[in-house]
Amino acid sequence: MAKILLVEDDRDLAMALEDRLIREHYLVEVVHDGDEALNRLKCSEYDAVILDWNLPNTPGIEILKQLRSLGRNTPVLLLTARDNLQDKEAGLDAGADDYLTKPFEPRELSARIRSMLRRAINQVSNVLSAGPFTLDPQNFTASKNDHELRLQPKEFALLELFMRHPNEVFSHEALLTRIWASDSDTSPDTVRVYVGTLRNKIDGDGKQSYIETVFRRGYKFKCD
């Protein structure tokens, strides 16, 4: 369940895109203002950003430049009604990973998001595989050794994040920003609970957990 920030001042379009992305099992946060988008990007982590060029206060192209100046490589899809080559060059040179001209078909947006997420981890297929685990974010299915895992949405989101970033250590705070909405009132204790329930569903009896606790740092997914 990748976490996406949707920045679009056209509220009707934003609502339609949000509904579609939620149906596709993404965790979506929506803002309509450039300054608010910058605040979210500075405080939270996202797997992808859908960014409109024309926004109140801070334009999308400026948000993109500031994001890249901070060293953040979050995949960004730039939305705009500008369709001339010069503007496309400006958007891509500013650090956009992809560019979509309005009006567009929602299916194309979905396909471009999947493509960006694959490229972010050098993945060929939309389906994730690691050791005995297979996870299909689009169809919201997960299995171990071809046996279905019955996961709650947050458990699924945790496993997906771990599988996208094997052997990477995530602190409780990092997991909160990647899995839960920015305005959520959850705490590190919530993370501990969900990691525990996920372990119960994916680990074998008497075997070392696939989710390793790293002392004073957080958790790491180990799966050869």
# chains A, B, ... in the order shown; residues from 1 in each chain; ligands from 1
>>> residues_around(residues="Pro137 in chain A", least_positions_apart="6", cutoff="12 Å", atoms="only C-alpha atoms", output="PDB file with N, CA and C atoms, in the first residue's frame")
ATOM      1  N   MET A   1       0.846  -1.194   0.000  1.00  0.00           N
ATOM      2  CA  MET A   1       0.000   0.000   0.000  1.00  0.00           C
ATOM      3  C   MET A   1       0.880   1.243   0.000  1.00  0.00           C
ATOM      4  N   ALA A   2       1.312   1.646  -1.185  1.00  0.00           N
ATOM      5  CA  ALA A   2       2.183   2.806  -1.299  1.00  0.00           C
ATOM      6  C   ALA A   2       1.446   4.059  -0.846  1.00  0.00           C
ATOM      7  N   LYS A   3       2.205   4.982  -0.252  1.00  0.00           N
ATOM      8  CA  LYS A   3       1.641   6.234   0.254  1.00  0.00           C
ATOM      9  C   LYS A   3       1.907   7.344  -0.759  1.00  0.00           C
ATOM     10  N   LEU A  21      -7.480   6.190  -6.719  1.00  0.00           N
ATOM     11  CA  LEU A  21      -6.256   5.682  -6.105  1.00  0.00           C
ATOM     12  C   LEU A  21      -6.551   4.855  -4.856  1.00  0.00           C
ATOM     13  N   ILE A  22      -7.548   5.243  -4.093  1.00  0.00           N
ATOM     14  CA  ILE A  22      -7.936   4.466  -2.919  1.00  0.00           C
ATOM     15  C   ILE A  22      -8.466   3.100  -3.350  1.00  0.00           C
ATOM     16  N   ARG A  23      -9.254   3.068  -4.428  1.00  0.00           N
ATOM     17  CA  ARG A  23      -9.749   1.795  -4.942  1.00  0.00           C
ATOM     18  C   ARG A  23      -8.594   0.900  -5.400  1.00  0.00           C
ATOM     19  N   GLU A  24      -7.495   1.522  -5.792  1.00  0.00           N
ATOM     20  CA  GLU A  24      -6.319   0.762  -6.214  1.00  0.00           C
ATOM     21  C   GLU A  24      -5.384   0.458  -5.045  1.00  0.00           C
ATOM     22  N   HIS A  25      -5.887   0.676  -3.829  1.00  0.00           N
ATOM     23  CA  HIS A  25      -5.207   0.283  -2.598  1.00  0.00           C
ATOM     24  C   HIS A  25      -3.975   1.131  -2.276  1.00  0.00           C
ATOM     25  N   TYR A  26      -4.028   2.409  -2.635  1.00  0.00           N
ATOM     26  CA  TYR A  26      -2.992   3.340  -2.196  1.00  0.00           C
ATOM     27  C   TYR A  26      -3.494   4.097  -0.966  1.00  0.00           C
ATOM     28  N   LEU A  27      -2.550   4.489  -0.116  1.00  0.00           N
ATOM     29  CA  LEU A  27      -2.864   5.421   0.963  1.00  0.00           C
ATOM     30  C   LEU A  27      -2.634   6.818   0.400  1.00  0.00           C
ATOM     31  N   ARG A 114       2.308   3.210 -11.348  1.00  0.00           N
ATOM     32  CA  ARG A 114       2.879   1.877 -11.178  1.00  0.00           C
ATOM     33  C   ARG A 114       4.288   1.817 -11.768  1.00  0.00           C
ATOM     34  N   LEU A 117       6.757   3.585  -9.436  1.00  0.00           N
ATOM     35  CA  LEU A 117       7.040   2.788  -8.245  1.00  0.00           C
ATOM     36  C   LEU A 117       7.967   1.621  -8.577  1.00  0.00           C
ATOM     37  N   ARG A 118       7.796   1.029  -9.756  1.00  0.00           N
ATOM     38  CA  ARG A 118       8.705  -0.048 -10.162  1.00  0.00           C
ATOM     39  C   ARG A 118      10.119   0.475 -10.349  1.00  0.00           C
ATOM     40  N   SER A 125       8.356  -6.166 -12.545  1.00  0.00           N
ATOM     41  CA  SER A 125       6.938  -6.492 -12.451  1.00  0.00           C
ATOM     42  C   SER A 125       6.266  -5.668 -11.364  1.00  0.00           C
ATOM     43  N   ASN A 126       4.932  -5.545 -11.459  1.00  0.00           N
ATOM     44  CA  ASN A 126       4.175  -4.891 -10.390  1.00  0.00           C
ATOM     45  C   ASN A 126       4.084  -5.772  -9.151  1.00  0.00           C
ATOM     46  N   VAL A 127       4.293  -7.080  -9.313  1.00  0.00           N
ATOM     47  CA  VAL A 127       4.207  -8.025  -8.204  1.00  0.00           C
ATOM     48  C   VAL A 127       5.564  -8.118  -7.506  1.00  0.00           C
ATOM     49  N   LEU A 128       5.559  -8.008  -6.187  1.00  0.00           N
ATOM     50  CA  LEU A 128       6.789  -8.085  -5.400  1.00  0.00           C
ATOM     51  C   LEU A 128       7.065  -9.523  -4.994  1.00  0.00           C
ATOM     52  N   SER A 129       8.323  -9.919  -5.032  1.00  0.00           N
ATOM     53  CA  SER A 129       8.728 -11.257  -4.601  1.00  0.00           C
ATOM     54  C   SER A 129       9.974 -11.146  -3.733  1.00  0.00           C
ATOM     55  N   SER A 143       1.050 -13.848  -0.338  1.00  0.00           N
ATOM     56  CA  SER A 143       1.144 -15.276  -0.054  1.00  0.00           C
ATOM     57  C   SER A 143       2.546 -15.624   0.417  1.00  0.00           C
ATOM     58  N   PRO A 153      -5.251  -4.243   6.376  1.00  0.00           N
ATOM     59  CA  PRO A 153      -4.621  -3.226   5.519  1.00  0.00           C
ATOM     60  C   PRO A 153      -3.281  -2.708   6.019  1.00  0.00           C
ATOM     61  N   PHE A 156      -0.665  -5.406   5.649  1.00  0.00           N
ATOM     62  CA  PHE A 156      -0.304  -5.500   4.234  1.00  0.00           C
ATOM     63  C   PHE A 156       0.653  -4.368   3.861  1.00  0.00           C
ATOM     64  N   ALA A 157       0.334  -3.151   4.312  1.00  0.00           N
ATOM     65  CA  ALA A 157       1.177  -1.993   3.995  1.00  0.00           C
ATOM     66  C   ALA A 157       2.581  -2.157   4.584  1.00  0.00           C
ATOM     67  N   LEU A 158       2.666  -2.675   5.791  1.00  0.00           N
ATOM     68  CA  LEU A 158       3.979  -2.919   6.401  1.00  0.00           C
ATOM     69  C   LEU A 158       4.779  -3.942   5.602  1.00  0.00           C
ATOM     70  N   LEU A 159       4.142  -5.053   5.257  1.00  0.00           N
ATOM     71  CA  LEU A 159       4.854  -6.082   4.506  1.00  0.00           C
ATOM     72  C   LEU A 159       5.288  -5.547   3.143  1.00  0.00           C
ATOM     73  N   GLU A 160       4.434  -4.774   2.496  1.00  0.00           N
ATOM     74  CA  GLU A 160       4.799  -4.208   1.197  1.00  0.00           C
ATOM     75  C   GLU A 160       6.014  -3.286   1.336  1.00  0.00           C
ATOM     76  N   LEU A 161       6.013  -2.440   2.339  1.00  0.00           N
ATOM     77  CA  LEU A 161       7.151  -1.536   2.547  1.00  0.00           C
ATOM     78  C   LEU A 161       8.428  -2.318   2.820  1.00  0.00           C
ATOM     79  N   MET A 163       9.112  -5.354   1.912  1.00  0.00           N
ATOM     80  CA  MET A 163       9.531  -6.074   0.709  1.00  0.00           C
ATOM     81  C   MET A 163      10.123  -5.132  -0.340  1.00  0.00           C
ATOM     82  N   ARG A 164       9.671  -3.909  -0.366  1.00  0.00           N
ATOM     83  CA  ARG A 164      10.251  -2.935  -1.283  1.00  0.00           C
ATOM     84  C   ARG A 164      11.647  -2.504  -0.835  1.00  0.00           C
TER      85      ARG A 164
END
>>> residues_around(residues="range 95-97 of chain A", least_positions_apart="2", cutoff="8 Å", atoms="only C-alpha atoms", output="list in words")
Leu64, Lys65, Arg68, Pro75, Val76, Leu77, Leu78, Gly91, Leu92, Asp93, Tyr99 and Met116 of chain A
>>> write_last_selection(atoms="N, CA and C atoms", output="mmCIF file, in the first residue's frame")
data_model
loop_
_atom_site.group_PDB
_atom_site.id
_atom_site.type_symbol
_atom_site.label_atom_id
_atom_site.label_comp_id
_atom_site.auth_asym_id
_atom_site.auth_seq_id
_atom_site.Cartn_x
_atom_site.Cartn_y
_atom_site.Cartn_z
ATOM 1 N N LEU A 64 8.828 21.219 -6.647
ATOM 2 C CA LEU A 64 9.692 20.169 -7.166
ATOM 3 C C LEU A 64 11.164 20.548 -7.001
ATOM 4 N N LYS A 65 11.515 21.771 -7.340
ATOM 5 C CA LYS A 65 12.903 22.222 -7.207
ATOM 6 C C LYS A 65 13.365 22.180 -5.755
ATOM 7 N N ARG A 68 13.952 18.534 -4.604
ATOM 8 C CA ARG A 68 15.218 17.989 -5.090
ATOM 9 C C ARG A 68 16.411 18.664 -4.423
ATOM 10 N N PRO A 75 9.695 9.790 -6.152
ATOM 11 C CA PRO A 75 9.189 9.896 -7.522
ATOM 12 C C PRO A 75 8.063 10.924 -7.627
ATOM 13 N N VAL A 76 8.152 11.791 -8.630
ATOM 14 C CA VAL A 76 7.171 12.864 -8.815
ATOM 15 C C VAL A 76 6.608 12.814 -10.227
ATOM 16 N N LEU A 77 5.285 12.768 -10.292
ATOM 17 C CA LEU A 77 4.573 12.877 -11.567
ATOM 18 C C LEU A 77 3.976 14.275 -11.641
ATOM 19 N N LEU A 78 4.397 15.057 -12.641
ATOM 20 C CA LEU A 78 3.953 16.436 -12.781
ATOM 21 C C LEU A 78 2.722 16.496 -13.675
ATOM 22 N N GLY A 91 9.968 21.018 -16.730
ATOM 23 C CA GLY A 91 9.494 20.140 -15.666
ATOM 24 C C GLY A 91 10.430 18.973 -15.423
ATOM 25 N N LEU A 92 10.865 18.334 -16.512
ATOM 26 C CA LEU A 92 11.757 17.185 -16.373
ATOM 27 C C LEU A 92 13.129 17.611 -15.866
ATOM 28 N N ASP A 93 13.622 18.759 -16.326
ATOM 29 C CA ASP A 93 14.921 19.247 -15.861
ATOM 30 C C ASP A 93 14.882 19.657 -14.394
ATOM 31 N N TYR A 99 5.639 13.130 -16.644
ATOM 32 C CA TYR A 99 4.907 14.345 -17.004
ATOM 33 C C TYR A 99 3.618 13.919 -17.679
ATOM 34 N N MET A 116 6.410 4.332 -12.115
ATOM 35 C CA MET A 116 7.333 5.077 -11.243
ATOM 36 C C MET A 116 7.724 4.264 -10.023
#
>>> select_by_dssp(residues="chain A", states="helix (DSSP H, G or I)", output="VMD selection string")
chain A and resid 11 to 23 34 to 43 60 to 69 85 to 93 106 to 120 153 to 164 172 to 179 188 to 202
>>> residues_around(residues="Pro188 in chain A", least_positions_apart="5", cutoff="10 Å", atoms="only C-alpha atoms", output="list in words")
Ser171, His172, Glu173, Ala174, Leu175, Leu176 and Val193 of chain A
>>> residues_around(residues="Leu67 in chain A", least_positions_apart="6", cutoff="12 Å", atoms="only C-alpha atoms", output="PyMOL selection string")
chain A and resi 37-43+45-46+49+51+60-61+73-76+94-96
>>> decode(residues="range 150-173 of chain A", atoms="N, CA and C atoms", output="PDB file, in the first residue's frame")
ATOM      1  N   ARG A 150      -3.702 -13.816   5.087  1.00  0.00           N
ATOM      2  CA  ARG A 150      -4.860 -12.959   5.332  1.00  0.00           C
ATOM      3  C   ARG A 150      -4.408 -11.791   6.214  1.00  0.00           C
ATOM      4  N   LEU A 151      -4.146 -10.660   5.561  1.00  0.00           N
ATOM      5  CA  LEU A 151      -3.576  -9.511   6.242  1.00  0.00           C
ATOM      6  C   LEU A 151      -4.569  -8.360   6.316  1.00  0.00           C
ATOM      7  N   GLN A 152      -4.542  -7.657   7.436  1.00  0.00           N
ATOM      8  CA  GLN A 152      -5.283  -6.417   7.558  1.00  0.00           C
ATOM      9  C   GLN A 152      -4.556  -5.337   6.750  1.00  0.00           C
ATOM     10  N   PRO A 153      -5.251  -4.243   6.376  1.00  0.00           N
ATOM     11  CA  PRO A 153      -4.621  -3.226   5.519  1.00  0.00           C
ATOM     12  C   PRO A 153      -3.281  -2.708   6.019  1.00  0.00           C
ATOM     13  N   LYS A 154      -3.152  -2.416   7.310  1.00  0.00           N
ATOM     14  CA  LYS A 154      -1.880  -1.903   7.820  1.00  0.00           C
ATOM     15  C   LYS A 154      -0.809  -2.991   7.839  1.00  0.00           C
ATOM     16  N   GLU A 155      -1.189  -4.223   8.095  1.00  0.00           N
ATOM     17  CA  GLU A 155      -0.233  -5.332   8.019  1.00  0.00           C
ATOM     18  C   GLU A 155       0.258  -5.489   6.591  1.00  0.00           C
ATOM     19  N   PHE A 156      -0.665  -5.406   5.649  1.00  0.00           N
ATOM     20  CA  PHE A 156      -0.304  -5.500   4.234  1.00  0.00           C
ATOM     21  C   PHE A 156       0.653  -4.368   3.861  1.00  0.00           C
ATOM     22  N   ALA A 157       0.334  -3.151   4.312  1.00  0.00           N
ATOM     23  CA  ALA A 157       1.177  -1.993   3.995  1.00  0.00           C
ATOM     24  C   ALA A 157       2.581  -2.157   4.584  1.00  0.00           C
ATOM     25  N   LEU A 158       2.666  -2.675   5.791  1.00  0.00           N
ATOM     26  CA  LEU A 158       3.979  -2.919   6.401  1.00  0.00           C
ATOM     27  C   LEU A 158       4.779  -3.942   5.602  1.00  0.00           C
ATOM     28  N   LEU A 159       4.142  -5.053   5.257  1.00  0.00           N
ATOM     29  CA  LEU A 159       4.854  -6.082   4.506  1.00  0.00           C
ATOM     30  C   LEU A 159       5.288  -5.547   3.143  1.00  0.00           C
ATOM     31  N   GLU A 160       4.434  -4.774   2.496  1.00  0.00           N
ATOM     32  CA  GLU A 160       4.799  -4.208   1.197  1.00  0.00           C
ATOM     33  C   GLU A 160       6.014  -3.286   1.336  1.00  0.00           C
ATOM     34  N   LEU A 161       6.013  -2.440   2.339  1.00  0.00           N
ATOM     35  CA  LEU A 161       7.151  -1.536   2.547  1.00  0.00           C
ATOM     36  C   LEU A 161       8.428  -2.318   2.820  1.00  0.00           C
ATOM     37  N   PHE A 162       8.339  -3.318   3.682  1.00  0.00           N
ATOM     38  CA  PHE A 162       9.519  -4.139   3.980  1.00  0.00           C
ATOM     39  C   PHE A 162      10.028  -4.855   2.729  1.00  0.00           C
ATOM     40  N   MET A 163       9.112  -5.354   1.912  1.00  0.00           N
ATOM     41  CA  MET A 163       9.531  -6.074   0.709  1.00  0.00           C
ATOM     42  C   MET A 163      10.123  -5.132  -0.340  1.00  0.00           C
ATOM     43  N   ARG A 164       9.671  -3.909  -0.366  1.00  0.00           N
ATOM     44  CA  ARG A 164      10.251  -2.935  -1.283  1.00  0.00           C
ATOM     45  C   ARG A 164      11.647  -2.504  -0.835  1.00  0.00           C
ATOM     46  N   HIS A 165      11.910  -2.639   0.455  1.00  0.00           N
ATOM     47  CA  HIS A 165      13.187  -2.156   0.998  1.00  0.00           C
ATOM     48  C   HIS A 165      13.817  -3.219   1.907  1.00  0.00           C
ATOM     49  N   PRO A 166      14.162  -4.377   1.366  1.00  0.00           N
ATOM     50  CA  PRO A 166      14.747  -5.433   2.207  1.00  0.00           C
ATOM     51  C   PRO A 166      16.073  -4.986   2.807  1.00  0.00           C
ATOM     52  N   ASN A 167      16.303  -5.417   4.047  1.00  0.00           N
ATOM     53  CA  ASN A 167      17.546  -5.137   4.777  1.00  0.00           C
ATOM     54  C   ASN A 167      17.743  -3.665   5.129  1.00  0.00           C
ATOM     55  N   GLU A 168      16.723  -2.861   4.899  1.00  0.00           N
ATOM     56  CA  GLU A 168      16.784  -1.454   5.304  1.00  0.00           C
ATOM     57  C   GLU A 168      16.118  -1.306   6.671  1.00  0.00           C
ATOM     58  N   VAL A 169      16.764  -0.569   7.560  1.00  0.00           N
ATOM     59  CA  VAL A 169      16.237  -0.396   8.916  1.00  0.00           C
ATOM     60  C   VAL A 169      15.252   0.773   8.939  1.00  0.00           C
ATOM     61  N   PHE A 170      14.075   0.524   9.502  1.00  0.00           N
ATOM     62  CA  PHE A 170      13.055   1.561   9.661  1.00  0.00           C
ATOM     63  C   PHE A 170      12.784   1.782  11.146  1.00  0.00           C
ATOM     64  N   SER A 171      12.902   3.014  11.587  1.00  0.00           N
ATOM     65  CA  SER A 171      12.541   3.334  12.965  1.00  0.00           C
ATOM     66  C   SER A 171      11.035   3.344  13.113  1.00  0.00           C
ATOM     67  N   HIS A 172      10.567   3.372  14.370  1.00  0.00           N
ATOM     68  CA  HIS A 172       9.120   3.462  14.601  1.00  0.00           C
ATOM     69  C   HIS A 172       8.556   4.729  13.952  1.00  0.00           C
ATOM     70  N   GLU A 173       9.300   5.826  14.083  1.00  0.00           N
ATOM     71  CA  GLU A 173       8.830   7.097  13.528  1.00  0.00           C
ATOM     72  C   GLU A 173       8.775   7.040  12.001  1.00  0.00           C
TER      73      GLU A 173
END
